[in-house]
Structures are given as C-alpha cells and as structure tokens.
Amino acid sequence: QVQLVESGGGSVQAGGSLRLSCAASGYTYSDYCMGWFRQAPGKEREGVAVIHPGGGSTYYADAVKGRFTISRDNAKNTLYLQMNSLKPEDTAMYYCAADSWCIGPGGSWRIRQRDFGYWGQGTQVTVSS
C-alpha cells in the first residue's frame with residue numbers, strides 16, 4: 001500500500017530555511033505526480049508546489065515562488081521541499097501527496113486537495129517573527 005512519510009519540519013525564525021523530505025513506498029514512485037500542500041489553522045489545505053513524475057516540470061503557488069524549490073530523487077523514492085526566506089505566514093502543517101496525474105484534461109496543473117489521492121501525515125512548520 002502507498003505510504004508517504006514527511007520529515008524535516010520544525011521551528012525557525014523569519015528569514016530562515018528548512019528542508020522537508022517525504023519518503024515514499026508501496027508503489028512505483030517514478031510513475032507518480034508528487035506535491036506539497038499546507039494547511040494553516042482555520043484555513044483550507046492549499047497546493048504549494050507540484051512536480052512531474054520525471055522531475056522536469058514544476059508548479060509553484062504565487063505565495064512561494066522564488067523562495068521554495070520542489071525536487072525529487074526517483075532513485076531514493078524521496079520528495080523534497082527546500083524552503084528559504086521563510087515568513088510567519090508560511091506557518092502550517094505541510095503534507096506530501098501523490099497521484100497519477102499532474103495535468104488535468106484542460107491542460108492545467110492539478111493543485112487542489114481533491115486532485116491527489118494519497119497523503120502523508122504531515123510535518124509542522126512554524127515561523128516566528
């Protein structure tokens with residue numbers, strides 16, 4: 001069965017950096033679209049970054065463009081999110097997700113919570129000012 005396990009969260013001051021990892025197992029990792037989502041208290045879960053199975057194409061939410069980098073190592077079945085220049089508004093639970101498709105029928109990135117079928121348990125990121 002599909003298993004996704006996040007790690008690397010923690011507390012950091014504004015301007016700092018963190019690197020999240022997601023270890024995947026139970027499926028052919030290199031065949032799947034992977035994404036990072038986050039959910040702050042009282043808010044909906046939102047897509048942060050998504051990466052194509054081969055790693056050649058990526059999507060970023062406007063709020064993190066230029067600060068976050070998503071990457072994957074298909075040999076290690078691991079997904080990463082490098083987060084730089086962190087802001088207090090980045091504080092949230094961060095989730096790793098997997099699904100078969102990155103792109104929808106209309107040619108747009110699939111970035112909503114309902115677009116992904118497999119989820120990890122999350123790792124907390126807290127950024128203080």
# chains A, B, ... in the order shown; residues from 1 in each chain; ligands from 1
>>> residues_around(residues="A:Val50", least_positions_apart="2", cutoff="8 Å", atoms="only C-alpha atoms", output="number ranges by chain")
A: 33-36, 47-48, 52, 58-60, 70, 102, 111
>>> write_last_selection(atoms="C-alpha atoms", output="mmCIF file, in the first residue's frame")
data_model
loop_
_atom_site.group_PDB
_atom_site.id
_atom_site.type_symbol
_atom_site.label_atom_id
_atom_site.label_comp_id
_atom_site.auth_asym_id
_atom_site.auth_seq_id
_atom_site.Cartn_x
_atom_site.Cartn_y
_atom_site.Cartn_z
ATOM 1 C CA CYS A 33 2.994 13.112 -9.761
ATOM 2 C CA MET A 34 4.067 14.430 -6.349
ATOM 3 C CA GLY A 35 3.077 17.554 -4.498
ATOM 4 C CA TRP A 36 3.456 19.544 -1.317
ATOM 5 C CA GLY A 47 -1.224 23.438 -3.023
ATOM 6 C CA VAL A 48 2.301 24.776 -2.549
ATOM 7 C CA HIS A 52 6.011 15.954 -12.708
ATOM 8 C CA THR A 58 7.144 22.038 -11.684
ATOM 9 C CA TYR A 59 4.362 24.273 -10.405
ATOM 10 C CA TYR A 60 4.566 26.779 -7.554
ATOM 11 C CA ILE A 70 10.459 21.247 -5.041
ATOM 12 C CA CYS A 102 -0.128 16.270 -12.676
ATOM 13 C CA ILE A 111 -3.256 21.556 -7.465
#
>>> closest_atom_pairs(of="stretch 88-107 of chain A", to="stretch 2-19 of chain A", cutoff="9 Å", atoms="only C-alpha atoms", output="CSV")
residue,atom,partner,partner_atom,distance
A:Pro88,CA,A:Ala14,CA,6.3
A:Met93,CA,A:Gly9,CA,8.6
A:Tyr94,CA,A:Gly9,CA,8.1
A:Tyr95,CA,A:Glu6,CA,7.1
A:Cys96,CA,A:Glu6,CA,6.6
A:Ala97,CA,A:Leu4,CA,7.5
A:Ala98,CA,A:Leu4,CA,8.4
>>> residues_around(residues="A:Gly55", least_positions_apart="5", cutoff="9 Å", atoms="only C-alpha atoms", output="list of chain:residue names")
A:Cys33, A:Ser71, A:Arg72, A:Asp73, A:Asn74
>>> write_last_selection(atoms="all heavy atoms", output="mmCIF file, in the first residue's frame")
data_model
loop_
_atom_site.group_PDB
_atom_site.id
_atom_site.type_symbol
_atom_site.label_atom_id
_atom_site.label_comp_id
_atom_site.auth_asym_id
_atom_site.auth_seq_id
_atom_site.Cartn_x
_atom_site.Cartn_y
_atom_site.Cartn_z
ATOM 1 N N CYS A 33 2.902 11.701 -10.060
ATOM 2 C CA CYS A 33 2.994 13.112 -9.761
ATOM 3 C C CYS A 33 3.068 13.276 -8.242
ATOM 4 O O CYS A 33 2.354 12.588 -7.511
ATOM 5 C CB CYS A 33 1.759 13.817 -10.301
ATOM 6 S SG CYS A 33 1.680 15.571 -9.956
ATOM 7 N N SER A 71 11.766 19.242 -5.421
ATOM 8 C CA SER A 71 12.615 18.351 -6.204
ATOM 9 C C SER A 71 12.315 16.921 -5.792
ATOM 10 O O SER A 71 11.672 16.678 -4.767
ATOM 11 C CB SER A 71 14.103 18.682 -5.996
ATOM 12 O OG SER A 71 14.473 18.499 -4.643
ATOM 13 N N ARG A 72 12.780 15.993 -6.591
ATOM 14 C CA ARG A 72 12.557 14.592 -6.286
ATOM 15 C C ARG A 72 13.772 13.769 -6.694
ATOM 16 O O ARG A 72 14.445 14.106 -7.681
ATOM 17 C CB ARG A 72 11.303 14.073 -6.994
ATOM 18 C CG ARG A 72 11.344 14.093 -8.496
ATOM 19 C CD ARG A 72 9.954 13.825 -9.099
ATOM 20 N NE ARG A 72 9.482 12.491 -8.781
ATOM 21 C CZ ARG A 72 8.204 12.117 -8.888
ATOM 22 N NH1 ARG A 72 7.285 12.982 -9.303
ATOM 23 N NH2 ARG A 72 7.838 10.887 -8.585
ATOM 24 N N ASP A 73 14.011 12.708 -5.953
ATOM 25 C CA ASP A 73 15.070 11.752 -6.278
ATOM 26 C C ASP A 73 14.368 10.424 -6.509
ATOM 27 O O ASP A 73 13.984 9.735 -5.554
ATOM 28 C CB ASP A 73 16.072 11.667 -5.125
ATOM 29 C CG ASP A 73 17.266 10.800 -5.468
ATOM 30 O OD1 ASP A 73 17.137 9.907 -6.342
ATOM 31 O OD2 ASP A 73 18.322 10.992 -4.853
ATOM 32 N N ASN A 74 14.192 10.073 -7.768
ATOM 33 C CA ASN A 74 13.443 8.851 -8.078
ATOM 34 C C ASN A 74 14.216 7.589 -7.718
ATOM 35 O O ASN A 74 13.628 6.525 -7.540
ATOM 36 C CB ASN A 74 13.045 8.836 -9.550
ATOM 37 C CG ASN A 74 11.896 9.794 -9.841
ATOM 38 O OD1 ASN A 74 11.269 10.324 -8.917
ATOM 39 N ND2 ASN A 74 11.634 10.034 -11.111
#
>>> closest_residue(among="A:Asp31, A:Phe68, A:Ala24, A:Asn84", to="A:Pro53", atoms="only C-alpha atoms")
A:Asp31
>>> atom_distance(atom1="atom CA of A:Trp101", atom2="atom CA of A:Leu79")
16.1 Å
>>> residues_around(residues="A:Arg67", least_positions_apart="3", cutoff="7 Å", atoms="only C-alpha atoms", output="list of chain:residue names")
A:Val64, A:Met83, A:Asn84, A:Ser85
>>> write_last_selection(atoms="N, CA and C atoms", output="CSV table (one decimal), in the first residue's frame")
chain,number,residue,atom,x,y,z
A,64,VAL,N,4.8,31.3,-2.9
A,64,VAL,CA,6.1,30.7,-2.5
A,64,VAL,C,7.1,30.8,-3.7
A,83,MET,N,12.8,25.2,1.5
A,83,MET,CA,12.1,26.5,1.8
A,83,MET,C,13.1,27.5,2.4
A,84,ASN,N,13.2,28.6,1.6
A,84,ASN,CA,14.1,29.7,2.0
A,84,ASN,C,13.3,30.9,2.3
A,85,SER,N,14.0,31.9,2.9
A,85,SER,CA,13.3,33.2,3.2
A,85,SER,C,12.0,33.0,3.8
>>> closest_residue(among="A:Ser57, A:Ser128, A:Thr123, A:Thr69", to="A:Arg38", atoms="only C-alpha atoms")
A:Thr123
>>> closest_residue(among="A:Ser108, A:Thr28, A:Thr91, A:Thr78", to="A:Val125", atoms="only C-alpha atoms")
A:Thr91
>>> closest_residue(among="A:Leu81, A:Ala61, A:Cys22, A:Ala92", to="A:Glu44", atoms="only C-alpha atoms")
A:Ala92
>>> select_by_dssp(residues="chain A", states="strand (DSSP E or B)", output="ChimeraX atom specification")
/A:3-7,10-13,18-25,33-39,46-51,58-60,68-73,78-83,92-99,103,109,118-119,123-128
>>> write_last_selection(atoms="C-alpha atoms", output="PDB file, in the first residue's frame")
ATOM      1  CA  GLN A   3       2.898   5.149   2.297  1.00  0.00           C
ATOM      2  CA  LEU A   4       4.168   8.712   2.465  1.00  0.00           C
ATOM      3  CA  VAL A   5       6.194   9.868   5.466  1.00  0.00           C
ATOM      4  CA  GLU A   6       7.193  13.510   5.858  1.00  0.00           C
ATOM      5  CA  SER A   7      10.069  14.815   7.942  1.00  0.00           C
ATOM      6  CA  GLY A  10      10.381  22.489  12.888  1.00  0.00           C
ATOM      7  CA  SER A  11      10.511  25.990  14.283  1.00  0.00           C
ATOM      8  CA  VAL A  12      12.563  28.707  12.636  1.00  0.00           C
ATOM      9  CA  GLN A  13      12.807  32.481  12.705  1.00  0.00           C
ATOM     10  CA  LEU A  18      14.048  24.407   6.237  1.00  0.00           C
ATOM     11  CA  ARG A  19      14.172  21.341   4.009  1.00  0.00           C
ATOM     12  CA  LEU A  20      11.258  18.958   4.085  1.00  0.00           C
ATOM     13  CA  SER A  21      11.534  15.364   2.908  1.00  0.00           C
ATOM     14  CA  CYS A  22       8.895  12.795   2.011  1.00  0.00           C
ATOM     15  CA  ALA A  23       9.813   9.120   1.851  1.00  0.00           C
ATOM     16  CA  ALA A  24       7.515   7.134  -0.427  1.00  0.00           C
ATOM     17  CA  SER A  25       6.892   3.401  -0.554  1.00  0.00           C
ATOM     18  CA  CYS A  33       2.994  13.112  -9.761  1.00  0.00           C
ATOM     19  CA  MET A  34       4.067  14.430  -6.349  1.00  0.00           C
ATOM     20  CA  GLY A  35       3.077  17.554  -4.498  1.00  0.00           C
ATOM     21  CA  TRP A  36       3.456  19.544  -1.317  1.00  0.00           C
ATOM     22  CA  PHE A  37       0.408  21.076   0.330  1.00  0.00           C
ATOM     23  CA  ARG A  38      -0.026  23.072   3.513  1.00  0.00           C
ATOM     24  CA  GLN A  39      -2.834  23.829   5.904  1.00  0.00           C
ATOM     25  CA  GLU A  46      -3.624  24.627  -0.376  1.00  0.00           C
ATOM     26  CA  GLY A  47      -1.224  23.438  -3.023  1.00  0.00           C
ATOM     27  CA  VAL A  48       2.301  24.776  -2.549  1.00  0.00           C
ATOM     28  CA  ALA A  49       4.329  23.002  -5.231  1.00  0.00           C
ATOM     29  CA  VAL A  50       3.887  20.093  -7.615  1.00  0.00           C
ATOM     30  CA  ILE A  51       6.431  18.138  -9.651  1.00  0.00           C
ATOM     31  CA  THR A  58       7.144  22.038 -11.684  1.00  0.00           C
ATOM     32  CA  TYR A  59       4.362  24.273 -10.405  1.00  0.00           C
ATOM     33  CA  TYR A  60       4.566  26.779  -7.554  1.00  0.00           C
ATOM     34  CA  PHE A  68      10.616  27.367  -2.288  1.00  0.00           C
ATOM     35  CA  THR A  69      12.043  24.642  -4.522  1.00  0.00           C
ATOM     36  CA  ILE A  70      10.459  21.247  -5.041  1.00  0.00           C
ATOM     37  CA  SER A  71      12.615  18.351  -6.204  1.00  0.00           C
ATOM     38  CA  ARG A  72      12.557  14.592  -6.286  1.00  0.00           C
ATOM     39  CA  ASP A  73      15.070  11.752  -6.278  1.00  0.00           C
ATOM     40  CA  THR A  78      12.044  10.732  -1.955  1.00  0.00           C
ATOM     41  CA  LEU A  79      10.436  14.118  -2.467  1.00  0.00           C
ATOM     42  CA  TYR A  80      11.928  17.350  -1.140  1.00  0.00           C
ATOM     43  CA  LEU A  81      10.842  20.909  -0.477  1.00  0.00           C
ATOM     44  CA  GLN A  82      13.601  23.441   0.123  1.00  0.00           C
ATOM     45  CA  MET A  83      12.100  26.468   1.850  1.00  0.00           C
ATOM     46  CA  ALA A  92       1.299  25.491   8.657  1.00  0.00           C
ATOM     47  CA  MET A  93       1.184  21.726   8.614  1.00  0.00           C
ATOM     48  CA  TYR A  94       2.891  20.593   5.430  1.00  0.00           C
ATOM     49  CA  TYR A  95       1.711  17.481   3.641  1.00  0.00           C
ATOM     50  CA  CYS A  96       3.227  15.334   0.917  1.00  0.00           C
ATOM     51  CA  ALA A  97       0.794  13.945  -1.670  1.00  0.00           C
ATOM     52  CA  ALA A  98       0.839  11.624  -4.664  1.00  0.00           C
ATOM     53  CA  ASP A  99      -1.404  10.926  -7.615  1.00  0.00           C
ATOM     54  CA  ILE A 103      -2.074  17.836 -15.531  1.00  0.00           C
ATOM     55  CA  TRP A 109      -1.890  21.708 -13.177  1.00  0.00           C
ATOM     56  CA  TYR A 118      -2.545   9.644  -1.417  1.00  0.00           C
ATOM     57  CA  TRP A 119      -1.382  11.655   1.582  1.00  0.00           C
ATOM     58  CA  THR A 123       5.005  17.798   9.372  1.00  0.00           C
ATOM     59  CA  GLN A 124       4.611  21.078  11.242  1.00  0.00           C
ATOM     60  CA  VAL A 125       6.466  24.213  10.163  1.00  0.00           C
ATOM     61  CA  THR A 126       6.390  27.209  12.485  1.00  0.00           C
ATOM     62  CA  VAL A 127       7.984  30.521  11.525  1.00  0.00           C
ATOM     63  CA  SER A 128       8.311  33.192  14.194  1.00  0.00           C
TER      64      SER A 128
END
